[in-house]
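Engineer: File name input.csv; file contents CSV, C-alpha atoms; full text below.
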```
chain,number,residue,atom,x,y,z
Y,1,MET,CA,-65.4,79.1,268.9
Y,2,ASP,CA,-67.6,82.0,270.0
Y,3,ARG,CA,-65.5,83.6,272.8
Y,4,PRO,CA,-64.5,86.9,274.2
Y,5,TRP,CA,-61.5,88.9,272.9
Y,6,ILE,CA,-58.7,87.9,275.2
Y,7,SER,CA,-55.6,89.7,276.4
Y,8,THR,CA,-52.9,88.3,278.7
Y,9,ASN,CA,-50.3,89.8,281.0
Y,10,LEU,CA,-47.1,88.4,282.6
Y,11,ALA,CA,-43.8,89.6,283.9
Y,12,ILE,CA,-40.7,87.8,282.7
Y,13,SER,CA,-37.1,88.0,284.0
Y,14,ALA,CA,-34.1,88.9,281.9
Y,15,ASP,CA,-33.7,85.3,280.8
Y,16,GLY,CA,-37.4,85.0,279.8
Y,17,LYS,CA,-38.7,83.1,282.8
Y,18,ILE,CA,-41.7,83.7,285.0
Y,19,SER,CA,-41.7,83.1,288.7
Y,20,ALA,CA,-42.9,79.7,289.8
Y,21,VAL,CA,-45.7,79.8,292.4
Y,22,ASP,CA,-43.5,78.0,295.0
Y,23,ARG,CA,-40.6,80.4,294.4
Y,24,ARG,CA,-42.3,83.7,293.8
Y,25,PRO,CA,-40.3,86.7,295.1
Y,26,SER,CA,-42.5,89.3,296.7
Y,27,GLY,CA,-42.9,92.5,294.8
Y,28,TRP,CA,-40.1,91.6,292.3
Y,29,THR,CA,-41.3,94.1,289.7
Y,30,SER,CA,-41.6,97.9,290.0
Y,31,ALA,CA,-44.5,100.0,291.2
Y,32,ALA,CA,-44.9,101.1,287.6
Y,33,ASP,CA,-45.5,97.5,286.6
Y,34,HIS,CA,-48.2,97.0,289.3
Y,35,ALA,CA,-49.9,100.2,288.1
Y,36,ARG,CA,-49.8,98.8,284.5
Y,37,LEU,CA,-51.4,95.6,285.7
Y,38,LYS,CA,-54.3,97.6,287.1
Y,39,GLU,CA,-54.6,99.7,284.0
Y,40,LEU,CA,-54.8,96.6,281.8
Y,41,ARG,CA,-57.8,95.4,283.7
Y,42,LEU,CA,-59.8,98.4,282.7
Y,43,GLY,CA,-62.4,97.7,279.9
Y,44,ALA,CA,-62.5,94.0,280.6
Y,45,GLN,CA,-65.8,92.4,281.6
Y,46,ALA,CA,-64.0,89.4,283.1
Y,47,LEU,CA,-60.6,88.8,284.7
Y,48,MET,CA,-59.1,85.3,284.8
Y,49,VAL,CA,-56.2,83.6,286.6
Y,50,GLY,CA,-55.0,80.1,287.2
Y,51,ARG,CA,-55.5,78.7,290.7
Y,52,GLY,CA,-51.8,78.4,291.5
Y,53,THR,CA,-51.1,82.1,290.8
Y,54,TRP,CA,-54.4,83.1,292.5
Y,55,ALA,CA,-53.4,81.2,295.7
Y,56,ALA,CA,-49.8,82.2,295.8
Y,57,ASP,CA,-50.4,85.9,295.3
Y,58,ARG,CA,-53.7,86.0,297.3
Y,59,MET,CA,-55.3,87.8,294.3
Y,60,THR,CA,-58.7,89.4,294.9
Y,61,MET,CA,-58.9,90.6,291.3
Y,62,THR,CA,-60.7,93.9,291.9
Y,63,SER,CA,-61.1,96.7,289.4
Y,64,PRO,CA,-63.3,99.8,289.4
Y,65,GLU,CA,-65.7,98.3,286.8
Y,66,ASN,CA,-66.3,95.2,288.9
Y,67,PRO,CA,-65.6,92.6,286.1
Y,68,LEU,CA,-66.3,88.9,286.7
Y,69,ARG,CA,-63.5,87.3,288.7
Y,70,CYS,CA,-62.7,83.9,287.2
Y,71,VAL,CA,-60.3,81.3,288.7
Y,72,VAL,CA,-59.3,78.2,286.7
Y,73,SER,CA,-58.2,74.9,288.3
Y,74,ALA,CA,-57.5,71.4,286.9
Y,75,SER,CA,-58.1,69.9,290.3
Y,76,GLY,CA,-61.0,72.0,291.6
Y,77,ASN,CA,-59.1,72.5,294.8
Y,78,PHE,CA,-60.1,76.0,295.8
Y,79,ASP,CA,-59.1,77.5,299.1
Y,80,ARG,CA,-62.3,78.6,300.9
Y,81,SER,CA,-60.3,80.9,303.2
Y,82,HIS,CA,-59.0,82.9,300.3
Y,83,PRO,CA,-59.6,86.7,300.7
Y,84,ILE,CA,-61.4,86.9,297.3
Y,85,PHE,CA,-64.5,85.4,299.0
Y,86,THR,CA,-64.8,88.3,301.5
Y,87,THR,CA,-63.6,91.1,299.2
Y,88,PRO,CA,-66.2,93.2,297.4
Y,89,GLY,CA,-66.0,93.1,293.7
Y,90,GLY,CA,-67.5,91.4,290.6
Y,91,GLU,CA,-69.1,88.0,290.6
Y,92,ILE,CA,-66.8,85.1,291.3
Y,93,HIS,CA,-66.7,82.1,288.9
Y,94,LEU,CA,-64.6,79.1,289.6
Y,95,LEU,CA,-63.9,76.6,286.8
Y,96,ALA,CA,-62.8,73.1,287.5
Y,97,THR,CA,-61.6,71.4,284.3
Y,98,GLY,CA,-61.1,68.1,286.1
Y,99,GLY,CA,-61.0,66.4,289.5
Y,100,GLU,CA,-63.9,65.5,291.7
Y,101,GLY,CA,-67.0,67.6,292.2
Y,102,VAL,CA,-66.5,70.9,294.0
Y,103,GLU,CA,-68.5,71.6,297.1
Y,104,PRO,CA,-70.6,74.8,297.0
Y,105,ILE,CA,-68.7,78.0,298.1
Y,106,GLU,CA,-70.6,81.0,299.3
Y,107,ARG,CA,-70.6,83.9,296.8
Y,108,ALA,CA,-69.1,81.8,294.0
Y,109,ALA,CA,-70.5,80.1,290.9
Y,110,ILE,CA,-68.8,76.8,290.3
Y,111,HIS,CA,-68.5,75.4,286.7
Y,112,HIS,CA,-67.3,71.9,285.6
Y,113,ALA,CA,-66.3,72.2,282.0
Y,114,SER,CA,-63.4,72.6,279.6
Y,115,LEU,CA,-61.7,75.9,279.3
Y,116,GLU,CA,-63.0,76.3,275.7
Y,117,ALA,CA,-66.6,75.6,276.9
Y,118,PHE,CA,-66.2,78.1,279.8
Y,119,LEU,CA,-65.0,80.9,277.4
Y,120,GLU,CA,-68.1,80.2,275.3
Y,121,LEU,CA,-70.3,80.4,278.4
Y,122,LEU,CA,-68.8,83.7,279.4
Y,123,ALA,CA,-69.6,85.2,276.0
Y,124,ARG,CA,-73.0,83.7,275.6
Y,125,ASP,CA,-74.5,83.8,279.1
Y,126,HIS,CA,-72.7,86.8,280.7
Y,127,GLY,CA,-72.1,89.1,277.7
Y,128,VAL,CA,-68.3,89.1,278.2
Y,129,GLU,CA,-66.8,90.7,275.1
Y,130,ARG,CA,-63.3,91.3,276.6
Y,131,LEU,CA,-61.5,89.1,279.0
Y,132,HIS,CA,-58.1,89.7,280.6
Y,133,CYS,CA,-55.9,86.8,281.9
Y,134,GLU,CA,-53.1,87.4,284.4
Y,135,GLY,CA,-51.4,84.0,284.3
Y,136,GLY,CA,-50.0,81.7,285.2
Y,137,GLY,CA,-48.0,80.0,282.5
Y,138,SER,CA,-50.1,76.8,282.4
Y,139,LEU,CA,-53.3,78.7,281.9
Y,140,ILE,CA,-51.7,80.9,279.2
Y,141,ARG,CA,-50.4,77.8,277.5
Y,142,SER,CA,-53.9,76.4,277.5
Y,143,LEU,CA,-55.2,79.6,275.9
Y,144,ALA,CA,-52.4,79.5,273.3
Y,145,GLU,CA,-53.3,75.9,272.5
Y,146,LEU,CA,-56.8,77.1,271.7
Y,147,ASP,CA,-55.4,80.0,269.7
Y,148,ALA,CA,-57.5,82.2,272.0
Y,149,ILE,CA,-54.9,85.0,272.7
Y,150,ASP,CA,-55.6,88.2,270.8
Y,151,GLU,CA,-53.2,90.5,272.7
Y,152,PHE,CA,-50.1,89.5,274.8
Y,153,HIS,CA,-48.6,92.0,277.3
Y,154,LEU,CA,-45.2,91.4,278.9
Y,155,THR,CA,-43.2,93.3,281.4
Y,156,TRP,CA,-39.5,92.4,280.7
Y,157,ALA,CA,-37.7,92.9,284.0
Y,158,GLY,CA,-34.1,93.1,282.9
Y,159,HIS,CA,-33.0,93.6,286.6
Y,160,THR,CA,-33.6,90.0,287.6
Y,161,LEU,CA,-32.4,86.5,286.6
Y,162,PHE,CA,-34.4,83.5,287.6
Y,163,GLY,CA,-32.4,80.9,285.7
Y,164,GLY,CA,-33.0,77.1,285.7
Y,165,LYS,CA,-33.3,74.7,282.7
Y,166,SER,CA,-36.8,73.8,283.7
Y,167,ALA,CA,-37.9,77.2,285.0
Y,168,PRO,CA,-41.3,78.1,283.6
Y,169,THR,CA,-41.8,80.4,280.7
Y,170,PRO,CA,-44.8,82.5,279.7
Y,171,THR,CA,-46.4,79.4,278.1
Y,172,GLY,CA,-45.5,76.9,280.9
Y,173,VAL,CA,-42.6,74.6,281.5
Y,174,PRO,CA,-40.1,74.2,278.6
Y,175,GLY,CA,-39.9,71.0,276.8
Y,176,ALA,CA,-43.1,70.8,274.7
Y,177,PHE,CA,-43.9,73.0,271.7
Y,178,LEU,CA,-47.3,74.4,271.0
Y,179,PRO,CA,-49.4,72.4,268.4
Y,180,ALA,CA,-48.5,75.2,266.0
Y,181,SER,CA,-46.6,78.5,266.1
Y,182,LEU,CA,-48.7,81.6,266.6
Y,183,LYS,CA,-47.7,84.8,264.9
Y,184,PHE,CA,-47.8,88.2,266.7
Y,185,GLU,CA,-46.7,91.7,265.9
Y,186,LEU,CA,-45.2,94.2,268.3
Y,187,SER,CA,-47.7,97.0,269.0
Y,188,ALA,CA,-46.1,98.8,272.0
Y,189,PHE,CA,-42.5,99.1,273.3
Y,190,GLU,CA,-42.0,101.2,276.4
Y,191,PRO,CA,-38.7,101.1,278.3
Y,192,THR,CA,-38.7,102.4,281.9
Y,193,SER,CA,-36.1,103.9,284.2
Y,194,GLU,CA,-36.5,100.9,286.6
Y,195,GLY,CA,-34.7,98.5,284.2
Y,196,GLU,CA,-38.0,97.2,282.8
Y,197,CYS,CA,-39.7,97.3,279.4
Y,198,PHE,CA,-43.4,97.1,278.8
Y,199,LEU,CA,-44.2,95.2,275.6
Y,200,SER,CA,-47.5,94.5,273.8
Y,201,TYR,CA,-48.1,92.1,270.9
Y,202,ARG,CA,-51.2,91.6,268.8
Y,203,ARG,CA,-52.1,88.3,267.2
Y,204,ILE,CA,-51.9,88.3,263.4
Y,205,ARG,CA,-54.5,86.1,261.8
Y,206,ASP,CA,-54.7,85.1,258.2
```
Once you've parsed the file, please lay out its structure as structure tokens.
Structural biologist:
Amino acid sequence: MDRPWISTNLAISADGKISAVDRRPSGWTSAADHARLKELRLGAQALMVGRGTWAADRMTMTSPENPLRCVVSASGNFDRSHPIFTTPGGEIHLLATGGEGVEPIERAAIHHASLEAFLELLARDHGVERLHCEGGGSLIRSLAELDAIDEFHLTWAGHTLFGGKSAPTPTGVPGAFLPASLKFELSAFEPTSEGECFLSYRRIRD
């Protein structure tokens, strides 16, 4: 697959869980983590997020370099009142991987394709060499199933426990293994005074 180089970023609780979109605590990680989120966007020609995370966090996905802003949905149910559509920034691309046809939305390009085909389109038609994904777990799992994650960034927030047998993890809801294990190596380890640790991993490919 001819695709961009892809990095991902998520925050996890002390027990390795991510916050579900319907139970998302507001501002549960530190200001330093939010600053890191913005720093990780730099250098990417496209930012990408799943529709649930985008809607719950009201993400406008802005960055000084005006990367493409991409939102992925299985249903194609995009909220037309979302602030992204009135916030200056990079081009908006909405991907519906399933569902019915999506009505046109002003200022947005709408795509009906698989995630794999969309990644190829970004590389081929928009010159995207680096893409940064900010969750959620279902989208990151889809990228992992394609073996399309080159760098994985985590904020381990040791100050919070989410708990729950079925609480989501960085690759979605527990219960189903990936088609194959993916090997990564630790490339950065940065503990903070706020009870968090910034971790980065790079994919090892044979």
Engineer: Could you check which of Y:Ala180, Y:Ala46, Y:Ala188, Y:Leu37 is closest to Leu119 of chain Y, using all atoms listed in the file?
Structural biologist: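 Closest residue, counting all atoms listed in the file: Y:Ala46.
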Engineer: Skip Leu154 of chain Y itself and residues of its chain fewer than 4 positions away, then list as a PDB file with C-alpha atoms, in the frame of the given file all residues within 10 Å of it, counting all atoms listed in the file.
Structural biologist:
```pdb
ATOM      1  CA  THR Y   8     -52.900  88.300 278.700  1.00  0.00           C
ATOM      2  CA  ASN Y   9     -50.300  89.800 281.000  1.00  0.00           C
ATOM      3  CA  LEU Y  10     -47.100  88.400 282.600  1.00  0.00           C
ATOM      4  CA  ALA Y  11     -43.800  89.600 283.900  1.00  0.00           C
ATOM      5  CA  ILE Y  12     -40.700  87.800 282.700  1.00  0.00           C
ATOM      6  CA  ASP Y  33     -45.500  97.500 286.600  1.00  0.00           C
ATOM      7  CA  PRO Y 170     -44.800  82.500 279.700  1.00  0.00           C
ATOM      8  CA  PHE Y 189     -42.500  99.100 273.300  1.00  0.00           C
ATOM      9  CA  CYS Y 197     -39.700  97.300 279.400  1.00  0.00           C
ATOM     10  CA  PHE Y 198     -43.400  97.100 278.800  1.00  0.00           C
ATOM     11  CA  LEU Y 199     -44.200  95.200 275.600  1.00  0.00           C
ATOM     12  CA  SER Y 200     -47.500  94.500 273.800  1.00  0.00           C
ATOM     13  CA  TYR Y 201     -48.100  92.100 270.900  1.00  0.00           C
TER      14      TYR Y 201
END
```
Engineer: Give me, as CSV, each residue of segment 2-93 of chain Y that comes within 12 Å of segment 145-150 of chain Y, together with its shortest interatomic pair and the distance in Å at one decimal, counting only C-alpha atoms, with rows ordered by chain and rising residue number.
Structural biologist:
```
residue,atom,partner,partner_atom,distance
Y:Asp2,CA,Y:Ala148,CA,10.3
Y:Arg3,CA,Y:Ala148,CA,8.2
Y:Pro4,CA,Y:Ala148,CA,8.7
Y:Trp5,CA,Y:Asp150,CA,6.3
Y:Ile6,CA,Y:Asp150,CA,5.4
Y:Ser7,CA,Y:Asp150,CA,5.8
Y:Thr8,CA,Y:Ile149,CA,7.1
Y:Asn9,CA,Y:Ile149,CA,10.6
```
Engineer: Quote the spacing between atom CA of Ala108 of chain Y and atom CA of Arg80 of chain Y in Å to one decimal place.
Structural biologist: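 We find that atom CA of Ala108 of chain Y and atom CA of Arg80 of chain Y lie 10.2 Å from each other.
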Engineer: Atom CA of Gly195 of chain Y to atom CA of Asp15 of chain Y: how many Å, to one decimal?
Structural biologist: 13.7 Å
Engineer: So, counting only C-alpha atoms, which residue among Y:Gly172, Y:Ala113, Y:Ile92, Y:Pro64 is closest to Ile140 of chain Y?
Structural biologist: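 Of the candidates, the smallest distance to Ile140 of chain Y is held by Y:Gly172.
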Engineer: What separation in Å, quoted to one decimal, exists between atom CA of Thr86 of chain Y and atom CA of Glu116 of chain Y?
Structural biologist: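 These atoms are spaced 28.5 Å apart.
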Engineer: Compare Y:Leu131, Y:Ala167, Y:Leu182, Y:Val173 by their minimum atom-to-atom distance to Ser13 of chain Y, counting all atoms listed in the file, and give me the closest one.
Structural biologist: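 Checking each candidate against Ser13 of chain Y, we get Y:Ala167 as the closest.
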Engineer: Which residue, Y:Ser73, Y:Asp57, Y:Phe152, Y:Pro83, has the smallest gap to Ser19 of chain Y when you use only C-alpha atoms?
Structural biologist: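 Smallest separation from Ser19 of chain Y among the options: Y:Asp57.
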Engineer: Give the answer as one residue: which of Y:Val49, Y:Ala31, Y:Ala14, Y:Ile105 has the shortest atom-to-atom distance to Thr192 of chain Y, using only C-alpha atoms?
Structural biologist: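 Of Y:Val49, Y:Ala31, Y:Ala14, Y:Ile105, the one nearest Thr192 of chain Y, counting only C-alpha atoms, is Y:Ala31.
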Engineer: Please provide as a PyMOL selection string all residues within 9 Å of Ser63 of chain Y, with the sequence filter that same-chain residues fewer than 3 positions apart are discarded (counting only C-alpha atoms).
Structural biologist: chain Y and resi 38-39+41-42+66-67+89-90
Engineer: So that I can see what lies close to Gly136 of chain Y, please list as a list in words the residues with an atom at most 6 Å from it, counting only C-alpha atoms and leaving out residues fewer than 3 positions away in the same chain.
Structural biologist: Gly50, Thr53 and Leu139 of chain Y
